[in-house]
Structures are given as C-alpha cells and as structure tokens.
file target-v9.txt (compact mmCIF, C-alpha atoms)
# COMPACT_ATOMS: atom_id res chain seq x y z
CA VAL A 1 98.06 109.95 97.19
CA LEU A 2 99.35 106.44 96.56
CA VAL A 3 98.32 103.97 99.27
CA VAL A 4 100.03 100.58 99.47
CA GLY A 5 97.76 97.94 101.00
CA CYS A 6 94.03 97.98 101.78
CA GLY A 7 93.74 96.40 105.18
CA PHE A 8 92.50 98.51 108.09
CA ALA A 9 95.33 101.04 107.83
CA GLY A 10 95.25 101.53 104.07
CA ALA A 11 91.48 101.54 103.73
CA THR A 12 91.01 104.00 106.59
CA VAL A 13 93.57 106.50 105.27
CA SER A 14 92.19 106.12 101.75
CA ARG A 15 88.63 106.92 102.79
CA VAL A 16 89.33 109.90 105.01
CA LEU A 17 91.65 111.48 102.43
CA ALA A 18 89.14 110.86 99.65
CA ASP A 19 86.40 112.44 101.78
CA ALA A 20 88.72 115.44 102.17
CA GLY A 21 88.94 115.82 98.40
CA HIS A 22 92.16 113.97 97.51
CA ASP A 23 92.50 111.42 94.71
CA ILE A 24 93.65 108.03 95.99
CA THR A 25 95.22 105.09 94.16
CA VAL A 26 95.44 101.87 96.17
CA LEU A 27 97.82 99.03 95.30
CA GLU A 28 97.03 95.69 96.92
CA SER A 29 99.15 92.62 96.24
CA ARG A 30 96.39 90.18 97.19
CA PRO A 31 93.36 89.52 94.97
CA HIS A 32 90.98 90.93 97.59
CA VAL A 33 90.47 93.85 99.96
CA GLY A 34 90.62 93.70 103.75
CA GLY A 35 94.08 92.29 104.39
CA ASN A 36 94.07 89.52 106.98
CA ALA A 37 90.53 90.49 108.01
CA PHE A 38 89.18 89.28 104.66
CA ASP A 39 86.17 87.00 105.01
CA ARG A 40 84.05 85.15 102.47
CA VAL A 41 81.03 82.90 102.19
CA GLU A 42 82.31 79.39 101.54
CA ALA A 43 80.59 76.76 99.42
CA HIS A 44 78.27 75.67 102.26
CA GLY A 45 76.96 79.18 102.90
CA ILE A 46 78.91 79.96 106.05
CA LEU A 47 80.87 83.19 106.38
CA ILE A 48 84.45 82.26 107.28
CA HIS A 49 87.57 84.26 108.03
CA GLU A 50 90.16 83.15 105.51
CA TYR A 51 93.14 84.11 107.66
CA GLY A 52 91.89 83.03 111.08
CA PRO A 53 89.40 84.64 113.46
CA HIS A 54 89.19 88.42 113.68
CA ILE A 55 87.15 89.64 116.63
CA PHE A 56 86.44 93.35 116.74
CA HIS A 57 86.53 95.09 120.12
CA THR A 58 87.40 98.63 121.15
CA ASN A 59 87.14 101.32 123.80
CA SER A 60 87.50 104.04 121.17
CA ARG A 61 84.20 105.67 120.27
CA ARG A 62 85.99 107.61 117.54
CA VAL A 63 87.09 104.39 115.83
CA PHE A 64 83.69 102.76 116.30
CA SER A 65 81.88 105.82 114.95
CA PHE A 66 84.09 105.94 111.88
CA LEU A 67 83.63 102.25 111.03
CA SER A 68 79.89 102.48 111.73
CA ARG A 69 79.59 104.58 108.58
CA PHE A 70 80.29 101.42 106.58
CA THR A 71 78.60 98.62 108.51
CA ASN A 72 75.82 97.65 110.84
CA TRP A 73 76.96 95.65 113.83
CA ARG A 74 76.14 92.37 115.56
CA PHE A 75 76.75 92.30 119.31
CA TYR A 76 79.23 89.55 120.12
CA GLU A 77 81.38 88.82 123.16
CA HIS A 78 84.08 86.29 122.41
CA ARG A 79 84.71 83.44 124.82
CA VAL A 80 87.63 81.02 124.78
CA LEU A 81 88.18 77.71 126.54
CA ALA A 82 91.50 75.94 126.98
CA GLN A 83 91.85 72.17 126.96
CA VAL A 84 93.81 71.41 130.14
CA ASN A 85 94.13 68.01 131.78
CA GLY A 86 91.32 66.71 129.60
CA ARG A 87 88.92 69.48 130.61
CA LEU A 88 87.76 72.68 128.94
CA LEU A 89 88.44 75.65 131.23
CA PRO A 90 88.00 79.41 130.74
CA ILE A 91 90.92 81.48 129.48
CA PRO A 92 91.83 84.15 130.59
CA ILE A 93 92.20 82.37 133.92
CA ASN A 94 89.40 83.38 136.28
CA ARG A 95 87.68 82.16 139.45
CA THR A 96 85.84 79.43 137.53
CA THR A 97 89.12 78.17 136.07
CA ILE A 98 90.86 77.87 139.44
CA ASN A 99 87.90 76.39 141.31
CA ALA A 100 87.26 73.79 138.61
CA LEU A 101 90.92 72.87 138.15
CA TYR A 102 91.65 72.42 141.86
CA ASP A 103 88.18 71.45 143.12
CA LEU A 104 87.92 74.57 145.26
CA GLN A 105 85.07 76.91 146.19
CA LEU A 106 86.92 80.22 146.50
CA ASP A 107 85.24 83.60 146.37
CA GLU A 108 86.96 86.56 144.69
CA ALA A 109 89.00 87.40 147.78
CA GLY A 110 89.92 83.76 148.13
CA VAL A 111 91.18 83.63 144.54
CA ALA A 112 93.36 86.67 145.14
CA ALA A 113 94.79 85.11 148.31
CA TRP A 114 95.35 81.76 146.58
CA LEU A 115 97.23 83.42 143.73
CA ASP A 116 99.35 85.33 146.24
CA GLN A 117 100.43 82.00 147.69
CA VAL A 118 101.43 80.36 144.41
CA ARG A 119 102.94 83.23 142.46
CA GLU A 120 106.69 83.73 142.24
CA PRO A 121 107.38 87.47 142.57
CA ARG A 122 110.09 89.13 140.49
CA ASP A 123 111.86 92.36 141.41
CA VAL A 124 112.25 93.17 137.75
CA VAL A 125 109.88 91.91 135.03
CA ARG A 126 111.73 91.65 131.73
CA THR A 127 110.34 88.56 130.00
CA SER A 128 106.98 86.89 129.58
CA ALA A 129 108.18 84.19 131.98
CA ASP A 130 108.82 86.82 134.64
CA LEU A 131 105.34 88.24 134.18
CA VAL A 132 103.43 84.93 134.16
CA LEU A 133 105.32 83.36 137.07
CA SER A 134 104.89 86.49 139.16
CA THR A 135 101.17 86.54 138.40
CA VAL A 136 99.94 82.91 138.51
CA GLY A 137 102.89 80.77 139.61
CA ARG A 138 104.60 77.82 138.00
CA GLU A 139 101.84 75.22 137.65
CA LEU A 140 99.30 77.49 135.95
CA CYS A 141 102.13 78.88 133.84
CA ASP A 142 103.01 75.40 132.60
CA LEU A 143 99.39 74.35 132.07
CA PHE A 144 98.11 77.41 130.22
CA PHE A 145 101.01 79.48 128.91
CA ARG A 146 104.30 77.70 128.38
CA GLY A 147 103.29 75.16 125.75
CA TYR A 148 100.98 77.54 123.91
CA THR A 149 103.70 80.17 123.75
CA LYS A 150 106.22 77.66 122.41
CA LYS A 151 103.84 76.67 119.63
CA GLN A 152 102.66 80.19 118.85
CA TRP A 153 106.05 81.91 118.79
CA GLY A 154 108.55 79.08 118.41
CA LEU A 155 110.22 80.49 121.53
CA ASP A 156 110.13 79.91 125.27
CA LEU A 157 108.48 82.39 127.62
CA GLU A 158 111.95 83.37 128.80
CA ASP A 159 112.83 84.51 125.27
CA LEU A 160 109.87 86.86 124.74
CA SER A 161 109.29 90.38 126.00
CA ALA A 162 106.83 90.76 128.87
CA GLY A 163 104.30 92.51 126.64
CA VAL A 164 103.30 89.22 124.98
CA ALA A 165 101.95 87.70 128.19
CA ALA A 166 100.52 91.04 129.31
CA ARG A 167 97.86 90.77 126.59
CA ILE A 168 96.11 88.02 128.61
CA PRO A 169 94.87 89.16 132.04
CA VAL A 170 94.06 87.09 135.12
CA ARG A 171 90.70 87.68 136.82
CA HIS A 172 89.48 87.03 140.33
CA ASN A 173 85.81 86.93 139.32
CA ASP A 174 83.81 84.73 136.93
CA ASP A 175 84.01 87.04 133.92
CA ASP A 176 84.74 84.60 131.08
CA ARG A 177 84.79 87.10 128.23
CA TYR A 178 88.06 87.11 126.33
CA PHE A 179 87.90 90.90 125.97
CA THR A 180 86.44 93.48 128.35
CA ASP A 181 86.25 96.47 125.98
CA THR A 182 83.12 98.60 126.18
CA LEU A 183 82.31 98.03 122.49
CA GLN A 184 82.31 94.42 121.31
CA PHE A 185 80.63 93.89 117.96
CA MET A 186 81.14 92.12 114.65
CA PRO A 187 80.32 93.66 111.25
CA ALA A 188 76.84 92.32 110.54
CA GLU A 189 77.61 91.39 106.93
CA GLY A 190 81.28 90.65 107.48
CA PHE A 191 84.56 92.53 107.27
CA THR A 192 84.85 92.31 103.48
CA ALA A 193 81.48 94.02 102.96
CA MET A 194 82.62 96.78 105.33
CA PHE A 195 85.88 97.28 103.44
CA LEU A 196 84.12 97.39 100.07
CA ARG A 197 81.87 100.18 101.34
CA MET A 198 84.83 102.02 102.81
CA LEU A 199 86.64 101.96 99.48
CA ASP A 200 83.52 102.77 97.44
CA HIS A 201 84.27 106.41 96.67
CA PRO A 202 84.63 108.22 93.34
CA ARG A 203 88.08 109.46 94.34
CA ILE A 204 89.42 105.99 95.28
CA GLU A 205 90.82 103.65 92.63
CA VAL A 206 91.80 100.16 93.83
CA HIS A 207 94.16 97.85 91.95
CA LEU A 208 94.02 94.29 93.30
CA GLY A 209 96.72 91.71 92.64
CA GLN A 210 99.25 94.48 92.08
CA PRO A 211 102.26 94.50 94.43
CA PHE A 212 104.16 97.68 95.18
CA THR A 213 107.43 97.66 93.25
CA GLY A 214 109.02 100.85 94.51
CA THR A 215 110.17 103.97 92.72
CA ALA A 216 108.29 103.48 89.46
CA ASP A 217 104.93 103.21 91.25
CA CYS A 218 105.42 106.56 93.00
CA LYS A 219 105.86 108.84 90.00
CA GLY A 220 103.37 111.68 89.93
CA PHE A 221 102.01 111.25 93.47
CA GLU A 222 102.19 113.89 96.17
CA ARG A 223 102.30 111.40 99.04
CA LEU A 224 102.86 107.70 99.63
CA VAL A 225 101.10 105.90 102.48
CA TYR A 226 102.85 102.57 102.99
CA THR A 227 101.28 99.82 105.13
CA GLY A 228 103.46 96.86 104.14
CA PRO A 229 106.53 95.42 105.91
CA ILE A 230 108.96 98.25 106.59
CA ASP A 231 112.02 96.09 105.93
CA ALA A 232 110.64 95.14 102.49
CA TYR A 233 110.18 98.83 101.62
CA PHE A 234 113.89 99.39 102.15
CA GLY A 235 114.89 96.24 100.28
CA TYR A 236 115.96 94.49 103.53
CA VAL A 237 119.08 96.66 103.48
CA LEU A 238 119.54 96.16 107.24
CA GLY A 239 118.34 92.56 107.28
CA HIS A 240 114.96 90.86 107.66
CA LEU A 241 112.72 91.67 110.60
CA PRO A 242 111.52 88.35 112.10
CA TYR A 243 107.83 87.49 111.89
CA ARG A 244 105.74 84.54 112.94
CA SER A 245 103.30 83.23 110.36
CA LEU A 246 100.29 80.91 110.39
CA ARG A 247 99.00 78.02 108.33
CA PHE A 248 95.24 77.40 108.32
CA ARG A 249 93.25 74.22 107.78
CA HIS A 250 89.59 74.95 107.08
CA GLU A 251 86.99 72.20 107.43
CA HIS A 252 83.24 72.00 106.96
CA LEU A 253 81.40 69.46 109.11
CA PRO A 254 78.06 68.77 107.43
CA ASP A 255 76.35 66.57 110.00
CA ILE A 256 76.64 68.50 113.27
CA GLU A 257 75.11 71.78 114.46
CA ARG A 258 77.99 72.75 116.78
CA PHE A 259 81.50 71.37 117.00
CA GLN A 260 82.60 73.00 120.28
CA PRO A 261 80.96 74.91 123.16
CA THR A 262 82.55 78.32 122.43
CA GLY A 263 83.87 80.27 119.47
CA THR A 264 87.47 79.26 120.13
CA VAL A 265 89.15 76.43 122.00
CA ASN A 266 92.88 76.69 122.77
CA TYR A 267 95.20 73.70 123.01
CA PRO A 268 98.10 74.83 125.25
CA THR A 269 99.86 71.48 125.59
CA SER A 270 98.31 68.89 123.26
CA GLU A 271 98.06 68.89 119.45
CA ALA A 272 100.23 70.56 116.83
CA TYR A 273 97.72 73.37 116.34
CA THR A 274 97.19 76.18 118.84
CA ARG A 275 93.44 76.63 118.54
CA ILE A 276 90.23 75.80 116.70
CA THR A 277 87.66 78.46 115.90
CA GLU A 278 84.05 77.79 114.90
CA PHE A 279 82.70 80.60 112.76
CA LYS A 280 78.97 80.32 113.44
CA TYR A 281 79.57 81.71 116.91
CA LEU A 282 81.24 84.78 115.43
CA THR A 283 78.69 85.39 112.67
CA GLY A 284 75.48 84.27 114.39
CA GLN A 285 74.49 82.40 111.25
CA ARG A 286 71.98 79.59 111.18
CA ALA A 287 73.09 77.03 108.63
CA THR A 288 73.25 73.29 108.10
CA GLY A 289 76.53 71.94 109.40
CA THR A 290 79.35 74.05 110.76
CA SER A 291 82.74 75.35 109.59
CA ILE A 292 85.93 75.44 111.64
CA VAL A 293 89.56 76.40 111.21
CA TYR A 294 92.70 74.96 112.77
CA GLU A 295 95.71 77.26 113.26
CA TYR A 296 99.28 76.06 112.92
CA PRO A 297 102.01 78.63 113.70
CA THR A 298 105.04 78.53 111.43
CA ASP A 299 108.17 80.49 110.57
CA GLU A 300 107.36 80.40 106.85
CA GLY A 301 104.70 82.29 104.95
CA SER A 302 103.12 85.72 105.06
CA PRO A 303 104.14 87.93 108.00
CA TYR A 304 101.49 87.93 110.75
CA TYR A 305 103.04 88.68 114.12
CA PRO A 306 106.16 90.77 114.79
CA ILE A 307 108.26 88.78 117.26
CA PRO A 308 108.74 90.93 120.38
CA ARG A 309 112.36 90.50 121.41
CA PRO A 310 114.87 93.25 122.28
CA GLU A 311 117.14 92.51 119.32
CA ASN A 312 114.18 92.69 116.91
CA GLU A 313 113.07 96.01 118.39
CA ALA A 314 116.61 97.33 117.98
CA LEU A 315 116.61 96.37 114.29
CA TYR A 316 113.22 98.01 113.79
CA LYS A 317 114.52 101.22 115.37
CA ARG A 318 117.24 101.34 112.71
CA TYR A 319 114.58 100.99 110.00
CA GLU A 320 112.53 103.66 111.78
CA GLU A 321 115.44 106.06 111.37
CA LEU A 322 115.36 105.43 107.63
CA ALA A 323 111.61 105.97 107.66
CA GLU A 324 112.05 109.37 109.30
CA VAL A 325 114.19 110.43 106.34
CA GLU A 326 111.51 109.16 103.95
CA ALA A 327 108.90 111.19 105.83
CA THR A 328 110.60 114.37 104.58
CA ARG A 329 109.94 113.10 101.05
CA GLY A 330 106.23 112.56 101.55
CA VAL A 331 106.17 108.93 102.74
CA VAL A 332 104.02 107.84 105.71
CA PHE A 333 104.43 104.43 107.37
CA VAL A 334 101.37 103.15 109.24
CA GLY A 335 100.04 99.76 110.38
CA ARG A 336 101.17 96.58 112.05
CA LEU A 337 103.77 95.65 109.42
CA ALA A 338 104.99 99.16 108.69
CA GLN A 339 105.49 99.89 112.39
CA TYR A 340 106.47 96.37 113.49
CA ARG A 341 103.87 96.26 116.27
CA TYR A 342 101.30 93.69 117.41
CA TYR A 343 98.31 96.03 116.99
CA ASN A 344 94.64 95.13 117.23
CA MET A 345 92.28 96.17 114.44
CA ASP A 346 90.89 99.15 116.33
CA GLN A 347 94.38 100.35 117.19
CA VAL A 348 95.40 100.26 113.53
CA THR A 349 92.26 102.17 112.56
CA GLY A 350 92.88 104.76 115.26
CA MET A 351 96.47 105.26 114.16
CA ALA A 352 95.37 105.63 110.54
CA LEU A 353 92.85 108.30 111.57
CA HIS A 354 95.66 110.08 113.41
CA GLU A 355 97.89 109.90 110.34
CA PHE A 356 95.09 111.49 108.33
CA GLU A 357 95.26 114.51 110.63
CA THR A 358 99.01 114.69 109.99
CA LEU A 359 98.57 114.36 106.25
CA ARG A 360 95.81 116.97 106.20
CA GLY A 361 98.19 119.38 107.91
CA ASP A 362 100.89 118.62 105.35
CA PHE A 363 98.53 119.28 102.45
CA SER A 364 97.30 122.54 103.96
CA HIS A 365 100.85 123.88 104.16
CA SER A 366 101.95 122.85 100.67
CA ASP A 367 100.37 123.08 97.27
CA THR A 368 103.37 121.77 95.38
CA THR A 369 103.49 118.35 93.83
CA THR A 370 106.42 116.30 95.09
CA THR A 371 107.31 112.83 94.01
CA ALA A 372 107.96 110.16 96.62
CA ASP A 373 110.52 108.47 94.44
CA SER A 374 113.07 107.13 96.87
CA PRO A 375 111.94 103.61 97.90
CA ALA A 376 114.41 100.82 97.24

call {"tool": "encode", "arguments": {"input": "target-v9.txt", "output": "structure tokens"}}
result
Amino acid sequence: VLVVGCGFAGATVSRVLADAGHDITVLESRPHVGGNAFDRVEAHGILIHEYGPHIFHTNSRRVFSFLSRFTNWRFYEHRVLAQVNGRLLPIPINRTTINALYDLQLDEAGVAAWLDQVREPRDVVRTSADLVLSTVGRELCDLFFRGYTKKQWGLDLEDLSAGVAARIPVRHNDDDRYFTDTLQFMPAEGFTAMFLRMLDHPRIEVHLGQPFTGTADCKGFERLVYTGPIDAYFGYVLGHLPYRSLRFRHEHLPDIERFQPTGTVNYPTSEAYTRITEFKYLTGQRATGTSIVYEYPTDEGSPYYPIPRPENEALYKRYEELAEVEATRGVVFVGRLAQYRYYNMDQVTGMALHEFETLRGDFSHSDTTTTADSPA
C-alpha cells in the first residue's frame, strides 16, 4: 500500500494495515512526520507546536485506545479567554462572561432568560450570522464573533455556513473549559514522539521530503491511500478548492514565568492576530522563561481550513464524484484535505480506522495486484 502523507490519517492507516500484515510505503512532502500536529523542542528547551496549538480531546474510546498504544497521556483541559473591552473574559461565553461583562449576578436560569431577551430568532438558520444572532444577540455577536470571524476566515459571518459558529457553544453555567469531551489529554512526550512510535514498524517505510507526483509513484502498489488536497490529486482540473491558511510568529520570553493567565487568549476585535498561545500550559513543562505563538490568518500558504461556503461544497462534490471513480481503481481518500472537511484530530483518526476496515475487506476479497496508476 502506498500512503501519501503521515499526519493523523496517513499514520493511522499505515499502522493498522502494517499490523494486519501489509507492506506500507509512506510519502511525506515535509521533512518531518505528524503533519500540522508536529511539535519540537526549541532552543530554550520548551516543547512547541510548530503549526499552532493542537489540543487533543475526544469522546471516542476506540480512538483513545488506539492512540494510547503509542503514548502516555497528560491530563489537560484547555481554557481560553477573549480580550473584550479591555478585559479578559471566558470563551465560550458562559455565566461568568455575561455577569462580568454587564456587572450582573445572574444564576443559570437568569442567564437563560437574559439570553432569551437579547437574541434575535431566525425561522431558518443558514449562515453563521443567523446562528450567532439567534443564540446570543447582536452585541455579544459583535464583541466576540464578528471581528474574530472576519480575521480568521477573511469573510463576514453572513458569508459562512452555520456550521462554523456551531463549533463554539454558549453555556448557562460557569464551565470555562473550551472542550467538554470526556477524554481530554495531551501526549505526555508530544505529538511527534507519538507519531514516530506509530510509524515504527518493520512493514512501514517512510520517505520524508518526498512529495507525491502522481502516476509514477503508484506503480507496483495494490492500493493508494491519499490524504493530501483532493483538488491537487486531480491536477485542479475543476479549479482550486479555497482554503484559509495561517502564518505563525513564535517568540521566547526569557525573563517571565508566565505570559498570560490561560493557554490561549483570543483577540476578537483588536490586533492583527487572532490569538496567542502559551505552550507551557499545554505541555506542563517547568522551564526558565516561556514560549508563545501568534497566529495570523492569511489566504496564502499551506492549506489549513476548508472554507465552508455552499459554492465550495458544490465544487468539492464534483471532485468527490471523480474520487468515486478512483475508488474502483484502488484509491482511498481520507483526512481533512482529502475530504475537504474541518475535522478534529480524533475525528480524522476515527475515519482512518474506519477506512482500514474497508481496506481490510477489499484485501480479503482480492488477491490480485492492481496498480493505482490513474492520478493526474
């Protein structure tokens, strides 16, 4: 099996197929494993996430059990504050946020009633603006969501599908955790160490710094598992699928123990960056000084986030039709880029485990060697 990419999707499929007795060759265009979850110890001894913070959380015991084969875990519940009107307030919006912002003393029922008064109901929710306004009203929308969305996506709330805003809930209690999944842990030695163990198998051969070039790479393989951008696989024959990218500015601050009161602080209205993350919260390290990263969304650079708009989904569906034809030739598309979806890490891992079941069924029904030789 030829696997293109060794992020969560590629590494997961590679390991489960290798465990099942198949020989795997992995091509990775970057000089490291782990995709965007790659982390490294920088010069000052602090483990940093090269491509911005990756916080693992899941409700899937199957996913957690699989990854636990390759790492020990550190319990960590991520918390985020937003700088609003010169104050740092919890996001997602909760009872603490509303009471502090408006100098109120509401209980949970009072928060629910207050939100009912300010929200602007919509008969039909189509856009992120519809969802946010119908949930928290106009002022909280403008303070917490509108500016952040414009920076993050380069689009107004009215121009994005409702699913974008749906990722951030609103709470009536004081729960200030960013995620509420039952399993919230970080790999104790980092994501890269976990990936290296996952790929450490006698049947897996990894080639770093080697991009996938198409037909020539596929000769002699029974299957191709492709985790890169689906439009790139087909040579952009139908046009480019739009993505949002990020630029990162890493800094080490040698003379302070902590830079901010939580792992991440969002800047919904001020500053050119969207957020700052401080890595010592995520890793639990004790070290002199601290390391932070600023995130600047951009239209240029590596693809990070599929842009959820109806016209983009329609274009992806046309590529999906081409992918269905490729599936008959032994090609599997899996992962955020290959499926043009804003998936979390656990979701990608779960989908890759599911694809393994599909591939195992394919192998059990065929002992012929076919060549996936059709990519553009």

call {"tool": "closest_residue", "arguments": {"input": "target-v9.txt", "among": "A:Ser14, A:Gln260, A:Thr96, A:Ser65", "to": "Leu183 in chain A", "atoms": "only C-alpha atoms"}}
result
A:Ser65

call {"tool": "closest_residue", "arguments": {"input": "target-v9.txt", "among": "A:Ile93, A:Ala129, A:Leu101, A:Leu353", "to": "Arg79 in chain A", "atoms": "only C-alpha atoms"}}
result
A:Ile93

call {"tool": "closest_residue", "arguments": {"input": "target-v9.txt", "among": "A:Arg61, A:Arg203, A:Lys150, A:His172", "to": "Ile98 in chain A", "atoms": "all atoms listed in the file"}}
result
A:His172

call {"tool": "atom_distance", "arguments": {"input": "target-v9.txt", "atom1": "CA of Phe248 in chain A", "atom2": "CA of Leu199 in chain A"}}
result
27.5 Å

call {"tool": "closest_residue", "arguments": {"input": "target-v9.txt", "among": "A:Ala323, A:Phe259, A:Ile204, A:His32", "to": "Leu17 in chain A", "atoms": "only C-alpha atoms"}}
result
A:Ile204

call {"tool": "residues_around", "arguments": {"input": "target-v9.txt", "residues": "Glu50 in chain A", "least_positions_apart": "2", "cutoff": "12 Å", "atoms": "only C-alpha atoms", "output": "CSV table (one decimal) with C-alpha atoms, keeping the file's coordinate frame"}}
result
chain,number,residue,atom,x,y,z
A,32,HIS,CA,91.0,90.9,97.6
A,34,GLY,CA,90.6,93.7,103.8
A,35,GLY,CA,94.1,92.3,104.4
A,36,ASN,CA,94.1,89.5,107.0
A,37,ALA,CA,90.5,90.5,108.0
A,38,PHE,CA,89.2,89.3,104.7
A,39,ASP,CA,86.2,87.0,105.0
A,40,ARG,CA,84.0,85.2,102.5
A,41,VAL,CA,81.0,82.9,102.2
A,42,GLU,CA,82.3,79.4,101.5
A,46,ILE,CA,78.9,80.0,106.0
A,47,LEU,CA,80.9,83.2,106.4
A,48,ILE,CA,84.4,82.3,107.3
A,52,GLY,CA,91.9,83.0,111.1
A,53,PRO,CA,89.4,84.6,113.5
A,54,HIS,CA,89.2,88.4,113.7
A,190,GLY,CA,81.3,90.6,107.5
A,191,PHE,CA,84.6,92.5,107.3
A,192,THR,CA,84.8,92.3,103.5
A,246,LEU,CA,100.3,80.9,110.4
A,247,ARG,CA,99.0,78.0,108.3
A,248,PHE,CA,95.2,77.4,108.3
A,249,ARG,CA,93.2,74.2,107.8
A,250,HIS,CA,89.6,75.0,107.1
A,251,GLU,CA,87.0,72.2,107.4
A,277,THR,CA,87.7,78.5,115.9
A,279,PHE,CA,82.7,80.6,112.8
A,291,SER,CA,82.7,75.4,109.6
A,292,ILE,CA,85.9,75.4,111.6
A,293,VAL,CA,89.6,76.4,111.2
A,294,TYR,CA,92.7,75.0,112.8
A,295,GLU,CA,95.7,77.3,113.3

call {"tool": "atom_distance", "arguments": {"input": "target-v9.txt", "atom1": "CA of Ser60 in chain A", "atom2": "CA of Pro303 in chain A"}}
result
26.6 Å

call {"tool": "build_atoms", "arguments": {"input": "target-v9.txt", "residues": "range 2-10 of chain A", "atoms": "all heavy atoms", "output": "PDB file, in the coordinates of the input"}}
result
ATOM      1  N   LEU A   2      99.234 107.870  96.812  1.00  0.00           N
ATOM      2  CA  LEU A   2      99.350 106.440  96.560  1.00  0.00           C
ATOM      3  C   LEU A   2      99.332 105.721  97.900  1.00  0.00           C
ATOM      4  O   LEU A   2     100.110 106.047  98.801  1.00  0.00           O
ATOM      5  CB  LEU A   2     100.658 106.126  95.827  1.00  0.00           C
ATOM      6  CG  LEU A   2     100.937 104.635  95.560  1.00  0.00           C
ATOM      7  CD1 LEU A   2      99.899 104.058  94.600  1.00  0.00           C
ATOM      8  CD2 LEU A   2     102.351 104.445  95.007  1.00  0.00           C
ATOM      9  N   VAL A   3      98.439 104.759  98.047  1.00  0.00           N
ATOM     10  CA  VAL A   3      98.320 103.970  99.270  1.00  0.00           C
ATOM     11  C   VAL A   3      98.671 102.522  98.947  1.00  0.00           C
ATOM     12  O   VAL A   3      98.092 101.935  98.024  1.00  0.00           O
ATOM     13  CB  VAL A   3      96.903 104.052  99.872  1.00  0.00           C
ATOM     14  CG1 VAL A   3      96.784 103.153 101.092  1.00  0.00           C
ATOM     15  CG2 VAL A   3      96.565 105.494 100.239  1.00  0.00           C
ATOM     16  N   VAL A   4      99.607 101.967  99.677  1.00  0.00           N
ATOM     17  CA  VAL A   4     100.030 100.580  99.470  1.00  0.00           C
ATOM     18  C   VAL A   4      99.381  99.715 100.535  1.00  0.00           C
ATOM     19  O   VAL A   4      99.674  99.840 101.721  1.00  0.00           O
ATOM     20  CB  VAL A   4     101.558 100.452  99.519  1.00  0.00           C
ATOM     21  CG1 VAL A   4     101.968  98.976  99.422  1.00  0.00           C
ATOM     22  CG2 VAL A   4     102.188 101.259  98.392  1.00  0.00           C
ATOM     23  N   GLY A   5      98.462  98.844 100.098  1.00  0.00           N
ATOM     24  CA  GLY A   5      97.760  97.940 101.000  1.00  0.00           C
ATOM     25  C   GLY A   5      96.375  98.447 101.334  1.00  0.00           C
ATOM     26  O   GLY A   5      96.163  99.651 101.527  1.00  0.00           O
ATOM     27  N   CYS A   6      95.387  97.545 101.396  1.00  0.00           N
ATOM     28  CA  CYS A   6      94.030  97.980 101.780  1.00  0.00           C
ATOM     29  C   CYS A   6      93.460  97.084 102.862  1.00  0.00           C
ATOM     30  O   CYS A   6      92.349  96.575 102.767  1.00  0.00           O
ATOM     31  CB  CYS A   6      93.099  98.075 100.570  1.00  0.00           C
ATOM     32  SG  CYS A   6      92.835  96.577  99.636  1.00  0.00           S
ATOM     33  N   GLY A   7      94.271  96.892 103.922  1.00  0.00           N
ATOM     34  CA  GLY A   7      93.740  96.400 105.180  1.00  0.00           C
ATOM     35  C   GLY A   7      93.175  97.564 105.962  1.00  0.00           C
ATOM     36  O   GLY A   7      92.802  98.598 105.393  1.00  0.00           O
ATOM     37  N   PHE A   8      93.093  97.451 107.280  1.00  0.00           N
ATOM     38  CA  PHE A   8      92.500  98.510 108.090  1.00  0.00           C
ATOM     39  C   PHE A   8      93.246  99.829 107.933  1.00  0.00           C
ATOM     40  O   PHE A   8      92.623 100.892 107.829  1.00  0.00           O
ATOM     41  CB  PHE A   8      92.464  98.097 109.558  1.00  0.00           C
ATOM     42  CG  PHE A   8      91.222  97.336 109.929  1.00  0.00           C
ATOM     43  CD1 PHE A   8      91.225  95.948 109.930  1.00  0.00           C
ATOM     44  CD2 PHE A   8      90.056  98.001 110.248  1.00  0.00           C
ATOM     45  CE1 PHE A   8      90.082  95.239 110.265  1.00  0.00           C
ATOM     46  CE2 PHE A   8      88.910  97.306 110.576  1.00  0.00           C
ATOM     47  CZ  PHE A   8      88.914  95.928 110.591  1.00  0.00           C
ATOM     48  N   ALA A   9      94.572  99.797 107.931  1.00  0.00           N
ATOM     49  CA  ALA A   9      95.330 101.040 107.830  1.00  0.00           C
ATOM     50  C   ALA A   9      95.128 101.700 106.471  1.00  0.00           C
ATOM     51  O   ALA A   9      94.765 102.887 106.380  1.00  0.00           O
ATOM     52  CB  ALA A   9      96.816 100.776 108.075  1.00  0.00           C
ATOM     53  N   GLY A  10      95.350 100.962 105.405  1.00  0.00           N
ATOM     54  CA  GLY A  10      95.250 101.530 104.070  1.00  0.00           C
ATOM     55  C   GLY A  10      93.849 101.981 103.718  1.00  0.00           C
ATOM     56  O   GLY A  10      93.654 103.054 103.134  1.00  0.00           O
TER      57      GLY A  10
END
